[in-house]
Structures are given as C-alpha cells and as structure tokens.
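One structure is given below, encoded as structure tokens.
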Amino acid sequence: MKPQVLVVDDDDANRVTLERILNRAGFDVSHAASGREAMEKFRDRPVDLVLTDLKMPGMSGIDLLKAAKVVDPAIEVVVMTAYGTVETAVEAMKEGAYDFVAKPLKRLELTTVLDKALEKRHLLLENKRLREQLAEVGEGDIIGNSQVMRGLLDEVEQVAPSDATVLLSGESGTGKGRLARAIHQMSARRDRRLVTVNCAAIPESLLESELFGYERGAFTGATGRKEGRFDLARGGTLFLDEITEMKPAIQVRLLRVLQDGEYERVGGTETLQADCRVIAATNRDIEEEVAAGRFRADLYYRLNVVPIRVPSLRERSDDIPLLAQHFLVRFVRKNRKDLAGFTPEAIDALCAWKWPGNVRELENAIERAVVLCRGDRVDVGDLPPQMRDATSGRKALSFEVGTPLKIVEKQMITETLRYCNGDKNLTASLLGITARTLYRREAEWRDEGIG
Ligand SMILES: Nc1ncnc2c1ncn2[C@@H]1O[C@H](COP(=O)(O)OP(=O)(O)OP(=O)(O)O)[C@@H](O)[C@H]1O
Ligand SMILES: [Mg+2]
C-alpha cells in the first residue's frame, strides 16, 4: 500500500504541482484547500502524512497541525514556509511538526523530508503496537493517574534503566510485585529473566541453596549440581520479596554478594561473579526491623540505594475509579460477561471504602462483582457487604463561617434525604421539621433556583 499524503494549500496551482511531484515519488495524494477541509478529509480517511502551507485564510497551518495531532498523535506534519515566515516555522516545530521545507520547494528536498517523516511515523506506530500488546498481556503496566502515582512512576522511569538496587516498601497489596516487574521491563535487562525469591515462602534451611545453588555432595541428597537464583538471574533481575523475613545467617551471605558481587554455591569452592540487578521488597517497616536487631543495618544500607515507598490505596483514592475500570475490563473478558461499567453509586461506595488490602482487595472485589452482577452495570449490591455499608454511614457536612443559612439548610436537607433513601417523613422527623415544611422548601428551591 502506498503511503497517504494530504496536501493542504489554498493555492490551487501549488496543490496541482505538489500532487504531480508526490505521485511520481510513490505517494498516494489527497488534497484540501483549507485547514477545515483538511480536517474533514483527515477524519474520513486515514492519512500517514500532512504537508501543509502555514499561512492560509481561516484555519492556519499551525491550528491544523494541533488539531491533526489530537485526532492522530502519531501523524507527522511537514509545513511549507514562504520567505519571511521562519518564525512561524519554528513555532510549528515546537508544536510537533516533523520538519519544514522552504518555498520555492525543491523536489528532492521535499521527498527526502517526507520519506523521513514516514519512517518516523512507522516507528511510532510500531511502538504503539508493542505497547498495546504489552497492555494486552497486562504485564508490567501500572495503572494510576493520581498525583502520587504519577510522581512515583516518574521516579521509577528514572531509576529503571540504571542498575541501582531498589528497595520497595509499602503495605500488602499495593503493587510492589508489579512495580518490580515494571522496573525490570523498563531496564536494559528486559530480555533476560526476572527471577523472584519470596524469602518468606522458602524455609530457612533451603533459602541459602535456593539463592546460591549447590554442588554435588554439598549435603545428603545433593546428587548433582543445582543452579541457584543468582545463577538463573545472570544478566537479568533478581527480585527478593519479603526481604525482612530473611534470617541473619543468610543476610550475611547476601551482603557479601551485594558488596563484592561474589558468591559460592553451597558446598562449592569456586567463586562466582554475580551479574544481576537486585530489587527488594517488604511490607514491614524495615527500619524498625533494623532497630530491633532483626535485620542487619549494613545490609539495609546496601539495599536502600533507591528507596521507593508505594502508597496505600487510601492515599491515592483518585486512582480507585481507574483501577476499578481496568479490573472490570479484565474480568469481563475472563468471565465472558456483558457489562458496561459501574453505577455512580457503586463508584461512590468504592471510593468511600478504606481498602485495608489495597489494590489486591480492589481486584478481588471487582472480580466478585463481575461474577455476581446480573444487570448491565455493576451496582452497590454487587460489592462486598462491608463496602455497601460504608456509604450508608452518616456523612458529616462542614460549612465555612458566613455560609448563607439557606444553602446550609438545603445541603442538610438534601443529604439527609439521601441518607433516608428519599423518605421525606423520616427526613423531616430527623431534622425536627414537619413534612410540610420540607415540601415547601423544595418548592422554594425550584422557584429560586438555589444551587
Ligand atoms: N497500579 C496497578 N495497576 C494495575 N494492577 C495493579 C496495580 N497495583 C497492583 N496491582 C495488582 O494488584 C495485585 C496486588 O499487587 P502486588 O502483588 O504487586 O502487591 P504487593 O505490594 O506485592 O503485595 P504483597 O506485599 O502482599 O506481596 C496484583 O494482582 C497486581 O497485579
Ligand atoms: Mg508481592
């Protein structure tokens, strides 16, 4: 398929010339005489490149550039500049134009620039495709748009490409495991293995040989050499989960590898070189463990090169709707359900809950809701009972000094009505007014339009 170029110029003769040149150079050309017309064409039919004049009546080339980038962020735009419009050309570059060509146009220069722009577009599209594939697998992508998470992801992006040891801390279920994977995948070691060792899950007596491997005859039953996790992770990343559960004897050995990069297999004499990036994680207060003498201070310092604290879900409740949606999509697919989303009440209930189990708890709650849901949207009733009750608690209202009483009154009545599920008699009796007063107020608000 030929690459598609959209030529935009208000000068008819120019368009015709350009079309001829570009056709000959192997492009499929469409054209538009104004920015507006260009946008119409652009929406109708996919275009790879836009070649546009800058100065046009109505929508300028820059405006067109911006609009086109909104519709297709991977579009490449080349602008044509006449003598004396260099400043505008610079502005166009700042707005994301690929390049500019000066009028009068030279055939070779033009086709060279367009070929390069096309190359860039293909690269962008290929990257996008890869990203989408990755998202498909769900591996390593971290959902979260709250300010804290964006800050954290910036930090992760910074440290990921280095070989620096990272210490992840945070409550259970906050996503430390997922972040460790993300860091690995953003690093130069991504094509090698990410090897995980859960220090809490492996008995003390086995952890050493698990980590470093053993030689034949190291102990009864060691009938051959076995590689350890440090061997397996060579060239890649070693993720030491629940690091505080590691017993002192092994902490010493780990310290040595981190310090000198050397280790021996259990029962072995050969000194091996470690080559792995280490990421450690804990959901305990590791400094407390150090203070209590359960965790070696020197090892702690070795691990704590880049400390990253993963916030609890309570601290980033802005992320709850986004995460809920993400899990919904996943479980809808898995369970072959036909569900469009959440009711506003369900989202309110999710946001009100304190999530002691963090993202893992949210993930489980959404899976359960998707399985239970009989309607076309997840509703409060589909959520675990404790969450349903969380919103039915009595909400506290607060007002600034000097707030007009009418507004205070309206909000108080509205919230009480909501609390009473719209029962006006109950609302009136809770507020110490008659139901008639309540109706009268509602009529007044309608008339006055108090908001
Ligand atoms: N930001 C996120 N975006 C998408 N999924 C997430 C995110 N954070 C966590 N999850 C998912 O939530 C679940 C819990 O995360 P994870 O296992 O990484 O937590 P953890 O902090 O390692 O917990 P623990 O301390 O109990 O090991 C996983 O299924 C993970 O994929
Ligand atoms: Mg984990």
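Numbering starts fresh at 1 for the residues of each chain in the structure tokens, the chains themselves are lettered A, B, ... in the order given, and ligands are numbered from 1 as they appear.
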Checklist entry - Which polymer residues have any atom within 8 Å of an atom of segment 300-310 of chain A, counting only C-alpha atoms, with same-chain residues fewer than 4 positions away left out, as an MDAnalysis selection string? => result chainID A and resid 152 159 164:171 174:176 255 258:259 279:280 286 290 295:296
Which residues are near ligand 1 in this structure, taking near to mean any atom at most 7 Å from a ligand atom and counting only C-alpha atoms and all ligand atoms? Format them as a list in words.
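For ligand 1, the residues inside 7 Å are Asp141, Ile142, Ile143, Gly144, Gly170, Glu171, Ser172, Gly173, Thr174, Gly175, Lys176, Gly177, Arg178, Leu179, Thr282, Asn283, Leu323, Val359, Arg360 and Glu363 of chain A.
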Keeping N, CA and C atoms for every residue in the selection just given, could you write it to a file as a compact mmCIF listing (two decimals), in the first residue's frame?
```
# COMPACT_ATOMS: atom_id res chain seq x y z
N ASP A 141 2.33 -3.10 33.28
CA ASP A 141 1.81 -1.73 33.21
C ASP A 141 1.11 -1.38 34.51
N ILE A 142 1.39 -0.19 34.94
CA ILE A 142 0.93 0.26 36.24
C ILE A 142 -0.20 1.25 36.04
N ILE A 143 -1.37 0.90 36.50
CA ILE A 143 -2.50 1.80 36.35
C ILE A 143 -2.48 2.81 37.49
N GLY A 144 -2.68 4.07 37.16
CA GLY A 144 -2.71 5.08 38.21
C GLY A 144 -2.45 6.44 37.63
N GLY A 170 5.93 -0.82 51.29
CA GLY A 170 4.52 -0.45 51.19
C GLY A 170 3.66 -1.58 51.71
N GLU A 171 2.44 -1.23 52.06
CA GLU A 171 1.53 -2.23 52.61
C GLU A 171 1.30 -3.38 51.63
N SER A 172 0.79 -4.44 52.18
CA SER A 172 0.49 -5.60 51.35
C SER A 172 -0.56 -5.24 50.30
N GLY A 173 -0.34 -5.68 49.07
CA GLY A 173 -1.32 -5.47 48.02
C GLY A 173 -1.24 -4.12 47.33
N THR A 174 -0.20 -3.34 47.61
CA THR A 174 -0.11 -2.01 46.99
C THR A 174 0.46 -2.07 45.58
N GLY A 175 1.07 -3.21 45.23
CA GLY A 175 1.59 -3.34 43.86
C GLY A 175 3.11 -3.39 43.79
N LYS A 176 3.75 -3.78 44.87
CA LYS A 176 5.22 -3.83 44.87
C LYS A 176 5.73 -4.87 43.87
N GLY A 177 5.07 -6.01 43.85
CA GLY A 177 5.47 -7.06 42.92
C GLY A 177 5.34 -6.58 41.48
N ARG A 178 4.25 -5.90 41.23
CA ARG A 178 4.00 -5.41 39.89
C ARG A 178 5.02 -4.34 39.49
N LEU A 179 5.37 -3.50 40.46
CA LEU A 179 6.36 -2.46 40.17
C LEU A 179 7.73 -3.07 39.89
N THR A 282 9.47 -5.12 50.81
CA THR A 282 8.98 -5.51 52.13
C THR A 282 7.70 -4.76 52.45
N ASN A 283 6.80 -5.44 53.17
CA ASN A 283 5.62 -4.70 53.63
C ASN A 283 5.72 -4.37 55.11
N LEU A 323 -8.61 2.17 38.41
CA LEU A 323 -8.24 0.78 38.68
C LEU A 323 -9.46 -0.13 38.58
N VAL A 359 -4.72 -2.60 46.49
CA VAL A 359 -5.15 -2.91 45.13
C VAL A 359 -5.59 -4.37 45.00
N ARG A 360 -4.93 -5.25 45.75
CA ARG A 360 -5.32 -6.66 45.67
C ARG A 360 -6.77 -6.83 46.11
N GLU A 363 -9.03 -5.55 43.41
CA GLU A 363 -9.05 -6.51 42.30
C GLU A 363 -10.03 -7.64 42.62
```
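Distances here use only C-alpha atoms; by that measure, the residue among A:Arg277, A:Lys226, A:Leu123, A:Lys116 closest to Ala188 of chain A is A:Arg277.
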Residues within 12 Å of Val47 of chain A, please, as a ChimeraX atom specification. Count only C-alpha atoms; anything in the same chain fewer than 2 positions from it doesn't count. /A:2-7,27-31,38-45,49-51,68-69,71-77,118,121
Filtering to C-alpha atoms, could you give me those residues as a PDB file, in the first residue's frame?
```pdb
ATOM      1  CA  LYS A   2       1.229   3.438  -0.905  1.00  0.00           C
ATOM      2  CA  PRO A   3       1.766   5.987   1.845  1.00  0.00           C
ATOM      3  CA  GLN A   4      -1.036   8.531   2.046  1.00  0.00           C
ATOM      4  CA  VAL A   5      -0.189  12.234   1.996  1.00  0.00           C
ATOM      5  CA  LEU A   6      -2.645  15.007   2.480  1.00  0.00           C
ATOM      6  CA  VAL A   7      -1.540  18.233   0.806  1.00  0.00           C
ATOM      7  CA  PHE A  27       2.795   8.687  -2.614  1.00  0.00           C
ATOM      8  CA  ASP A  28      -0.941   8.497  -2.751  1.00  0.00           C
ATOM      9  CA  VAL A  29      -2.075  12.114  -2.624  1.00  0.00           C
ATOM     10  CA  SER A  30      -5.270  13.752  -1.487  1.00  0.00           C
ATOM     11  CA  HIS A  31      -5.615  17.481  -1.094  1.00  0.00           C
ATOM     12  CA  ALA A  38      -8.230  19.063   5.549  1.00  0.00           C
ATOM     13  CA  MET A  39      -9.662  18.056   8.908  1.00  0.00           C
ATOM     14  CA  GLU A  40     -12.744  16.666   7.197  1.00  0.00           C
ATOM     15  CA  LYS A  41     -10.655  14.585   4.809  1.00  0.00           C
ATOM     16  CA  PHE A  42      -8.399  13.571   7.612  1.00  0.00           C
ATOM     17  CA  ARG A  43     -11.251  12.234   9.674  1.00  0.00           C
ATOM     18  CA  ASP A  44     -12.772  10.418   6.694  1.00  0.00           C
ATOM     19  CA  ARG A  45      -9.763   8.501   5.645  1.00  0.00           C
ATOM     20  CA  LEU A  49       1.491  12.482   6.477  1.00  0.00           C
ATOM     21  CA  VAL A  50       0.192  16.004   6.192  1.00  0.00           C
ATOM     22  CA  LEU A  51       2.043  18.543   4.086  1.00  0.00           C
ATOM     23  CA  ALA A  68      -4.492  16.720  13.483  1.00  0.00           C
ATOM     24  CA  LYS A  69      -2.275  15.669  16.392  1.00  0.00           C
ATOM     25  CA  VAL A  71      -7.073  13.106  16.183  1.00  0.00           C
ATOM     26  CA  ASP A  72      -3.963  11.026  15.494  1.00  0.00           C
ATOM     27  CA  PRO A  73      -0.997  11.619  17.817  1.00  0.00           C
ATOM     28  CA  ALA A  74       1.259   9.592  15.506  1.00  0.00           C
ATOM     29  CA  ILE A  75       0.545  11.771  12.475  1.00  0.00           C
ATOM     30  CA  GLU A  76       3.573  13.510  11.035  1.00  0.00           C
ATOM     31  CA  VAL A  77       3.111  17.020   9.713  1.00  0.00           C
ATOM     32  CA  LEU A 118       7.118   8.496   7.112  1.00  0.00           C
ATOM     33  CA  ARG A 121       5.559   7.507  11.791  1.00  0.00           C
TER      34      ARG A 121
END
```
Self-check item: d(atom CA of Met149 of chain A, atom CA of Ala180 of chain A) in Å
Solution: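 Atom CA of Ala180 of chain A lies at a distance of 14.8 Å from atom CA of Met149 of chain A.
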Name the closest residue to ligand 2 among the candidates A:Val332, A:Cys199, A:Ala324, A:Ala102; distances are taken between atoms, counting only C-alpha atoms and all ligand atoms.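 Smallest distance to ligand 2 is found for A:Cys199.
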